[in-house]
Every structure is written in C-alpha cells, then in structure tokens.
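Note: the block below is structure.txt and it holds compact mmCIF, C-alpha atoms.
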# COMPACT_ATOMS: atom_id res chain seq x y z
CA MET A 1220 -25.96 8.59 -26.39
CA ARG A 1221 -23.35 11.23 -25.55
CA PHE A 1222 -25.43 12.46 -22.62
CA LEU A 1223 -26.14 8.92 -21.45
CA LEU A 1224 -22.41 8.11 -21.34
CA GLY A 1225 -21.66 11.38 -19.55
CA THR A 1226 -24.38 10.71 -17.01
CA VAL A 1227 -23.14 7.18 -16.42
CA ALA A 1228 -19.61 8.54 -15.91
CA VAL A 1229 -20.83 11.08 -13.36
CA ILE A 1230 -22.85 8.45 -11.48
CA THR A 1231 -19.81 6.13 -11.52
CA LEU A 1232 -17.60 8.87 -10.06
CA LEU A 1233 -20.19 9.61 -7.40
CA ALA A 1234 -20.46 5.90 -6.61
CA ALA A 1235 -16.67 5.59 -6.25
CA SER A 1236 -16.63 8.58 -3.91
CA THR A 1237 -19.52 7.20 -1.88
CA GLY A 1238 -17.84 3.81 -1.64
CA TYR A 1239 -14.62 5.44 -0.46
CA VAL A 1240 -16.44 7.51 2.15
CA GLY A 1241 -18.31 4.40 3.32
CA TYR A 1242 -15.01 2.55 3.58
CA ARG A 1243 -13.25 5.36 5.46
CA MET A 1244 -16.14 5.79 7.88
CA SER A 1245 -16.29 2.06 8.68
CA CYS A 1246 -12.61 1.14 8.71
CA ASN A 1247 -10.46 1.01 11.81
CA PRO A 1248 -7.06 2.59 11.05
CA ALA A 1249 -5.78 2.08 14.61
CA LEU A 1250 -6.47 -1.64 14.36
CA HIS A 1251 -4.85 -1.84 10.95
CA ALA A 1252 -1.77 0.04 12.19
CA ALA A 1253 -1.41 -2.29 15.18
CA VAL A 1254 -1.73 -5.33 12.93
CA SER A 1255 0.79 -3.93 10.44
CA LYS A 1256 3.30 -3.50 13.27
CA GLY A 1257 2.40 -6.89 14.78
CA ASP A 1258 1.86 -5.08 18.08
CA THR A 1259 -0.54 -7.33 19.98
CA MET A 1260 -0.77 -5.10 23.05
CA GLU A 1261 -1.63 -2.10 20.91
CA TRP A 1262 -4.26 -4.28 19.25
CA LEU A 1263 -5.78 -5.06 22.65
CA ARG A 1264 -5.72 -1.41 23.62
CA THR A 1265 -7.35 -0.03 20.48
CA ASP A 1266 -9.65 -2.82 19.38
CA PHE A 1267 -11.09 -3.43 22.84
CA HIS A 1268 -11.22 0.22 23.87
CA LEU A 1269 -9.03 -0.09 26.96
CA SER A 1270 -8.48 3.05 28.99
CA ASN A 1271 -4.90 3.78 30.06
CA ASP A 1272 -5.54 2.37 33.54
CA LYS A 1273 -7.12 -0.82 32.21
CA PHE A 1274 -4.38 -1.16 29.64
CA LEU A 1275 -1.72 -1.01 32.37
CA LEU A 1276 -3.59 -3.69 34.31
CA VAL A 1277 -3.73 -5.89 31.19
CA CYS A 1278 0.02 -5.39 30.69
CA GLN A 1279 0.63 -6.40 34.31
CA LEU A 1280 -1.56 -9.48 33.86
CA HIS A 1281 0.36 -10.47 30.76
CA ASP A 1282 3.70 -9.90 32.46
CA SER A 1283 2.74 -12.00 35.45
CA TYR A 1284 1.37 -14.71 33.16
CA ALA A 1285 4.64 -14.82 31.22
CA GLY A 1286 6.27 -16.67 34.15
CA THR A 1287 3.50 -19.27 34.18
CA CYS A 1288 3.79 -19.59 30.41
CA ASP A 1289 7.57 -20.17 30.66
CA GLU A 1290 7.10 -22.79 33.37
CA HIS A 1291 4.44 -24.66 31.37
CA CYS A 1292 6.57 -24.40 28.26
CA ARG A 1293 9.54 -25.88 30.09
CA MET A 1294 7.47 -28.76 31.51
CA ILE A 1295 5.98 -29.62 28.12
CA GLN A 1296 9.42 -29.54 26.50
CA GLU A 1297 10.84 -31.76 29.24
CA ALA A 1298 8.00 -34.27 28.94
CA THR A 1299 8.34 -34.24 25.16
CA ARG A 1300 12.09 -34.88 25.38
CA GLU A 1301 11.46 -37.81 27.73
CA ARG A 1302 8.87 -39.23 25.36
CA ASP A 1303 11.25 -38.79 22.40
CA ALA A 1304 14.02 -40.52 24.35
CA LEU A 1305 11.69 -43.44 25.02
CA LEU A 1306 10.83 -43.57 21.33
CA ALA A 1307 14.51 -43.54 20.37
CA ALA A 1308 15.24 -46.32 22.86
CA HIS A 1309 12.36 -48.41 21.46
CA ALA A 1310 10.73 -48.48 24.88
CA ASP A 1311 7.67 -50.63 25.48
CA ARG A 1312 4.21 -49.40 24.60
CA ALA A 1313 3.11 -48.89 28.20
CA ALA A 1314 5.99 -46.50 28.89
CA LEU A 1315 5.26 -44.56 25.68
CA ASP A 1316 1.56 -44.35 26.50
CA SER A 1317 2.41 -43.07 29.95
CA ALA A 1318 4.75 -40.43 28.49
CA ASN A 1319 2.11 -39.34 25.97
CA ARG A 1320 -0.50 -39.13 28.71
CA ARG A 1321 1.84 -36.93 30.72
CA ILE A 1322 2.32 -34.57 27.75
CA GLN A 1323 -1.43 -34.51 27.17
CA GLY A 1324 -2.05 -33.80 30.84
CA LEU A 1325 0.42 -30.91 30.80
CA ARG A 1326 -1.23 -29.52 27.69
CA GLU A 1327 -4.62 -29.65 29.36
CA VAL A 1328 -3.27 -27.87 32.43
CA CYS A 1329 -1.75 -25.32 30.09
CA GLU A 1330 -5.02 -24.86 28.22
CA GLY A 1331 -6.89 -24.28 31.47
CA SER A 1332 -4.24 -21.80 32.56
CA ILE A 1333 -4.47 -19.76 29.34
CA ALA A 1334 -8.26 -19.81 29.47
CA THR A 1335 -8.18 -18.50 33.04
CA HIS A 1336 -5.70 -15.83 32.01
CA VAL A 1337 -7.72 -14.56 29.04
CA ARG A 1338 -10.89 -14.54 31.16
CA ARG A 1339 -9.08 -12.28 33.64
CA VAL A 1340 -8.07 -10.02 30.76
CA ALA A 1341 -11.67 -9.99 29.49
CA GLU A 1342 -12.89 -8.91 32.92
CA LEU A 1343 -10.91 -5.69 32.51
CA MET A 1344 -12.81 -4.87 29.33
CA SER A 1345 -16.37 -3.65 28.94
CA PRO A 1346 -18.83 -6.59 28.91
CA GLN A 1347 -19.36 -6.27 25.17
CA ASP A 1348 -15.65 -6.02 24.33
CA GLY A 1349 -14.87 -8.81 26.78
CA ARG A 1350 -17.32 -11.13 25.05
CA ARG A 1351 -15.87 -10.24 21.67
CA TYR A 1352 -12.32 -10.85 22.91
CA LEU A 1353 -13.22 -14.23 24.40
CA ALA A 1354 -15.07 -15.20 21.22
CA LEU A 1355 -11.87 -14.51 19.29
CA VAL A 1356 -9.34 -16.24 21.52
CA LEU A 1357 -11.10 -19.03 23.44
CA PRO A 1358 -12.07 -21.19 20.43
CA ARG A 1359 -8.50 -21.01 19.13
CA ILE A 1360 -7.11 -22.01 22.52
CA ALA A 1361 -9.55 -24.92 22.77
CA ASN A 1362 -8.87 -26.06 19.20
CA PHE A 1363 -5.13 -25.60 19.41
CA ASP A 1364 -4.30 -28.99 17.90
CA HIS A 1365 -6.53 -28.30 14.93
CA THR A 1366 -5.65 -24.68 14.32
CA ALA A 1367 -1.92 -24.37 14.96
CA ALA A 1368 -0.74 -23.16 11.59
CA PRO A 1369 2.42 -24.63 10.09
CA ASP A 1370 3.79 -21.15 9.45
CA LEU A 1371 3.79 -20.24 13.14
CA ARG A 1372 7.53 -20.88 13.24
CA LEU A 1373 8.04 -18.11 10.72
CA ARG A 1374 5.82 -15.69 12.53
CA HIS A 1375 7.43 -16.10 15.91
CA SER A 1376 9.86 -13.35 16.80
CA ASN A 1377 11.29 -14.58 20.16
CA MET B 316 -77.47 28.93 -41.32
CA VAL B 317 -75.77 31.05 -38.70
CA PRO B 318 -76.88 30.34 -35.09
CA SER B 319 -77.97 33.29 -33.04
CA SER B 320 -75.46 34.68 -30.56
CA ASP B 321 -77.72 33.68 -27.65
CA SER B 322 -77.81 30.03 -28.58
CA LEU B 323 -74.03 30.06 -29.19
CA SER B 324 -73.49 31.56 -25.74
CA GLU B 325 -75.72 28.90 -24.21
CA ALA B 326 -73.88 26.16 -26.04
CA LEU B 327 -70.49 27.51 -24.95
CA HIS B 328 -71.74 27.97 -21.42
CA GLY B 329 -72.86 24.39 -21.17
CA TRP B 330 -69.75 22.97 -22.84
CA GLN B 331 -67.50 21.05 -20.45
CA VAL B 332 -64.22 19.42 -21.48
CA THR B 333 -62.80 16.60 -19.36
CA PRO B 334 -59.61 15.47 -21.13
CA PRO B 335 -57.90 12.34 -19.70
CA ALA B 336 -54.80 13.07 -17.60
CA ASP B 337 -51.60 12.40 -19.54
CA PRO B 338 -48.79 11.22 -17.19
CA ASN B 339 -46.20 11.80 -19.90
CA PHE B 340 -47.33 15.35 -20.63
CA ARG B 341 -44.34 17.03 -18.95
CA GLN B 342 -41.81 14.71 -20.59
CA SER B 343 -43.36 15.10 -24.02
CA VAL B 344 -43.28 18.90 -23.67
CA TRP B 345 -39.57 18.80 -22.79
CA ARG B 346 -38.96 16.39 -25.65
CA ARG B 347 -40.65 18.75 -28.08
CA ILE B 348 -38.71 21.70 -26.70
CA GLY B 349 -35.50 19.68 -27.00
CA LYS B 350 -36.23 18.80 -30.60
CA GLN B 351 -36.75 22.43 -31.44
CA ALA B 352 -33.76 23.86 -29.58
CA GLY B 353 -31.28 20.98 -29.83
CA VAL B 354 -31.08 18.73 -26.74
CA THR B 355 -28.82 19.92 -23.93
CA TRP B 356 -27.48 17.83 -21.07
CA PRO B 357 -29.70 19.51 -18.47
CA ALA B 358 -32.66 18.93 -20.74
CA TYR B 359 -31.66 15.27 -21.12
CA LEU B 360 -31.41 14.95 -17.33
CA ARG B 361 -34.78 16.61 -16.85
CA THR B 362 -36.36 14.32 -19.39
CA ASN B 363 -35.01 11.19 -17.74
CA ILE B 364 -35.02 12.40 -14.17
CA ALA B 365 -37.07 9.49 -12.79
CA VAL B 366 -34.96 6.71 -14.29
CA LEU B 367 -31.68 8.44 -13.49
CA SER B 368 -32.70 9.18 -9.91
CA PHE B 369 -33.72 5.60 -9.35
CA ALA B 370 -30.49 4.27 -10.89
CA SER B 371 -28.39 6.74 -8.89
CA ILE B 372 -30.00 5.78 -5.60
CA ILE B 373 -29.45 2.08 -6.28
CA VAL B 374 -25.83 2.52 -7.40
CA LEU B 375 -24.86 4.91 -4.60
CA THR B 376 -26.48 2.73 -1.95
CA ALA B 377 -24.66 -0.31 -3.31
CA ALA B 378 -21.37 1.62 -3.36
CA ALA B 379 -21.76 2.80 0.25
CA TYR B 380 -22.68 -0.70 1.36
CA GLY B 381 -19.74 -2.13 -0.60
CA GLY B 382 -17.28 0.30 0.98
CA ARG B 383 -18.59 -0.52 4.44
CA ALA B 384 -18.46 -4.27 3.77
CA LEU B 385 -14.89 -3.98 2.48
CA ALA B 386 -13.83 -2.15 5.65
CA HIS B 387 -15.45 -4.78 7.83
CA LYS B 388 -13.84 -7.57 5.83
CA GLN B 389 -10.44 -5.94 6.25
CA ALA B 390 -11.00 -5.53 10.01
CA ARG B 391 -11.96 -9.21 10.28
CA ALA B 392 -8.83 -10.24 8.37
CA ASP B 393 -6.70 -7.96 10.58
CA ARG B 394 -8.13 -9.56 13.73
CA GLU B 395 -7.66 -13.08 12.37
CA SER B 396 -4.04 -12.23 11.67
CA ILE B 397 -3.19 -10.49 14.96
CA VAL B 398 -4.95 -13.03 17.17
CA VAL B 399 -2.63 -15.74 15.85
CA THR B 400 0.41 -13.61 16.72
CA TYR B 401 -1.12 -12.89 20.12
CA LEU B 402 -1.69 -16.57 20.91
CA VAL B 403 1.77 -17.55 19.69
CA ASP B 404 3.20 -15.30 22.40
CA LEU B 405 0.67 -16.49 24.98
CA ASP B 406 0.40 -20.22 24.49
CA PRO B 407 3.09 -22.42 26.09
CA ARG B 408 2.02 -25.31 23.87
CA ILE B 409 3.17 -23.29 20.87
CA GLN B 410 6.19 -21.92 22.70
CA ALA B 411 7.25 -25.47 23.58
CA THR B 412 7.26 -26.28 19.87
CA LEU B 413 9.05 -23.10 18.84
CA ARG B 414 11.78 -22.81 21.46
CA PRO B 415 14.98 -24.79 21.03
Now, as a test, write the supplied structure out as structure tokens.
Amino acid sequence: MRFLLGTVAVITLLAASTGYVGYRMSCNPALHAAVSKGDTMEWLRTDFHLSNDKFLLVCQLHDSYAGTCDEHCRMIQEATRERDALLAAHADRAALDSANRRIQGLREVCEGSIATHVRRVAELMSPQDGRRYLALVLPRIANFDHTAAPDLRLRHSN
Amino acid sequence: MVPSSDSLSEALHGWQVTPPADPNFRQSVWRRIGKQAGVTWPAYLRTNIAVLSFASIIVLTAAAYGGRALAHKQARADRESIVVTYLVDLDPRIQATLRP
C-alpha cells in the first residue's frame, strides 16, 4: 500500500508537470498580454502575425477609417436626436416611422462601411489569418443589435 | 529390480518435456524474491510494470491534452474579450450610443 501511494504520487506529479508543459507550449502569452492591456492594435499584430510593414498599413487604414466612423457616428446621433424630439413632441406615427427608417438606413450604411473596412484589413493578413479575423469580427458586426453588451459603456475608454 | 544402465539411458534419451508456457512466470519469480528479501519499491514497480505503465500513459496523455485544451480555452476567451473592445472603438453605431 505504501508503494502504491508513492507511485500514485509520482505519477500525479509527472501528470501535473506534463499538463503545465502542454499548457505552456499551447498558450499564447503575446495575445494574453495584449488582452490584459486592452491593446487592440497589439492584438491584431500578434494574433494575426502582421509584419511591421503590414502592421503600419493596418494602422493607417484604421486611422483613415476613424474619420468615416466619426462622421457616421455624428449622423446617427443627429438622426436619433431628431427622432427623440419627435417622440417628445408626440409627433404623428408617419413622422416617427420616417425618423426610425432614417436611423435604420444610417445604421445599414454604417454596417456596410465597417464590413468594407475590416475586409480591407483582412486583405493585409495572410489568407488563413484573414479568414480567422473576418470570422471573429464580421458576425458581431452583422449581429450588432443582438450582441451589443450592456456593459459596453463601462468598457469604453474614449 | 534395478534397470540396466543401457535401458535407463534409452529412457532418458527418449524423454521429452513440453511444459505449458506460464505468462506469469516472471512476476511470480519476482514475487517470491520479494517475499524472501522484503519488498522494495523498485521490486514493486517491476512486479506491476505493465499496469503502472498503462496507467501512466493514460494519465500523462490526459494531462497533456488537458493543459493544451486549457490554453486554447484561455486564448478563445481572450479573443472574445478583445474583439468586443476592438469593435467598440470601430463601430459608429456603438460610438453613437456611448458619446454624449
């Protein structure tokens, strides 16, 4: 019994070491570090294996898209304010429907714009990484209304 | 009556022994040695080498697989987390909700 327990202890220690080695060999510390810092650009660089040149191009794409994003954001806010004003003024249903359609239209334009932008980013990656990137982001962009988490306000740093 | 040495030689010459193979022969020898000398850990390991090897292979394989699966699970969770942050910065529909 003494030897059995000793043997089991040794096998358990070996198993723990093997599990740790398996974990260390399969984990992605660069990804984890980028996530811990909340650094999305570093995430893109490490997780999608961007070279320095490609990474600079992605940064440029993101910078140039920021203007489009701001413009779309402003238009959606404006349309939403108009709709809210109509609601507050107890406007007729036709006017409210029209305002809601305008917001929806702007959101669809916005969705198309983001999708085009992320496809451009994916083109700078290797085909395999590009597919993986699009598989991560496109469904969330398309399902925005269903996936926008309530805690996004807390996560936003701007 | 004592048989003559010639007939004894003939009988011995023609005598063939075909004992059945005992698969546990080696283990039983070690067990008997262990009983005589007091069982040591190496002797215990030698005696149970087949079972212990099998168990070790199963446990170590499971541990390696478990470590790998844990790392992949963590990477998936990391990506799920960072992609939300990424899209918050990228998506004007979210920005329109967040900005004053």
### Message
What's around A:Ala1249 at 12 Å? Count only C-alpha atoms, leave out sequence neighbours fewer than 3 positions away in its own chain, and write the answer as a ChimeraX atom specification.
### Response
/A:1246,1252-1256,1258,1261-1268 /B:390,393-394
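The interface of chain B with chain A at 6 Å, considering all atoms listed in the file, consists of B:Trp356, B:Leu375, B:Ala378, B:Ala379, B:Gly382, B:Arg383, B:Ala386, B:Ile397, B:Tyr401, B:Pro407, B:Ala411.
Separating atom CA of B:Val344 from atom CA of B:Ser368 is a distance of 19.9 Å.
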### Query
Could you work out how far atom CA of A:Arg1302 lies from atom CA of A:Gly1324, giving the answer in Å with one decimal?
13.4 Å
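Comparing the minimum interatomic distances between B:Arg341 and each of B:Gln389, B:Ser322, B:Thr355, B:Thr362, counting only C-alpha atoms, we find that B:Thr362 sits nearest.
Of the residues listed (A:Asp1272, A:Gln1279, A:Val1340, A:Ala1354), A:Ala1354 shows the shortest atom-to-atom separation from B:Glu395; distances use all atoms listed in the file.
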### Query
When you draw a straight line from atom CA of A:Glu1342 to atom CA of B:Asp406, how long is it in Å?
19.4 Å
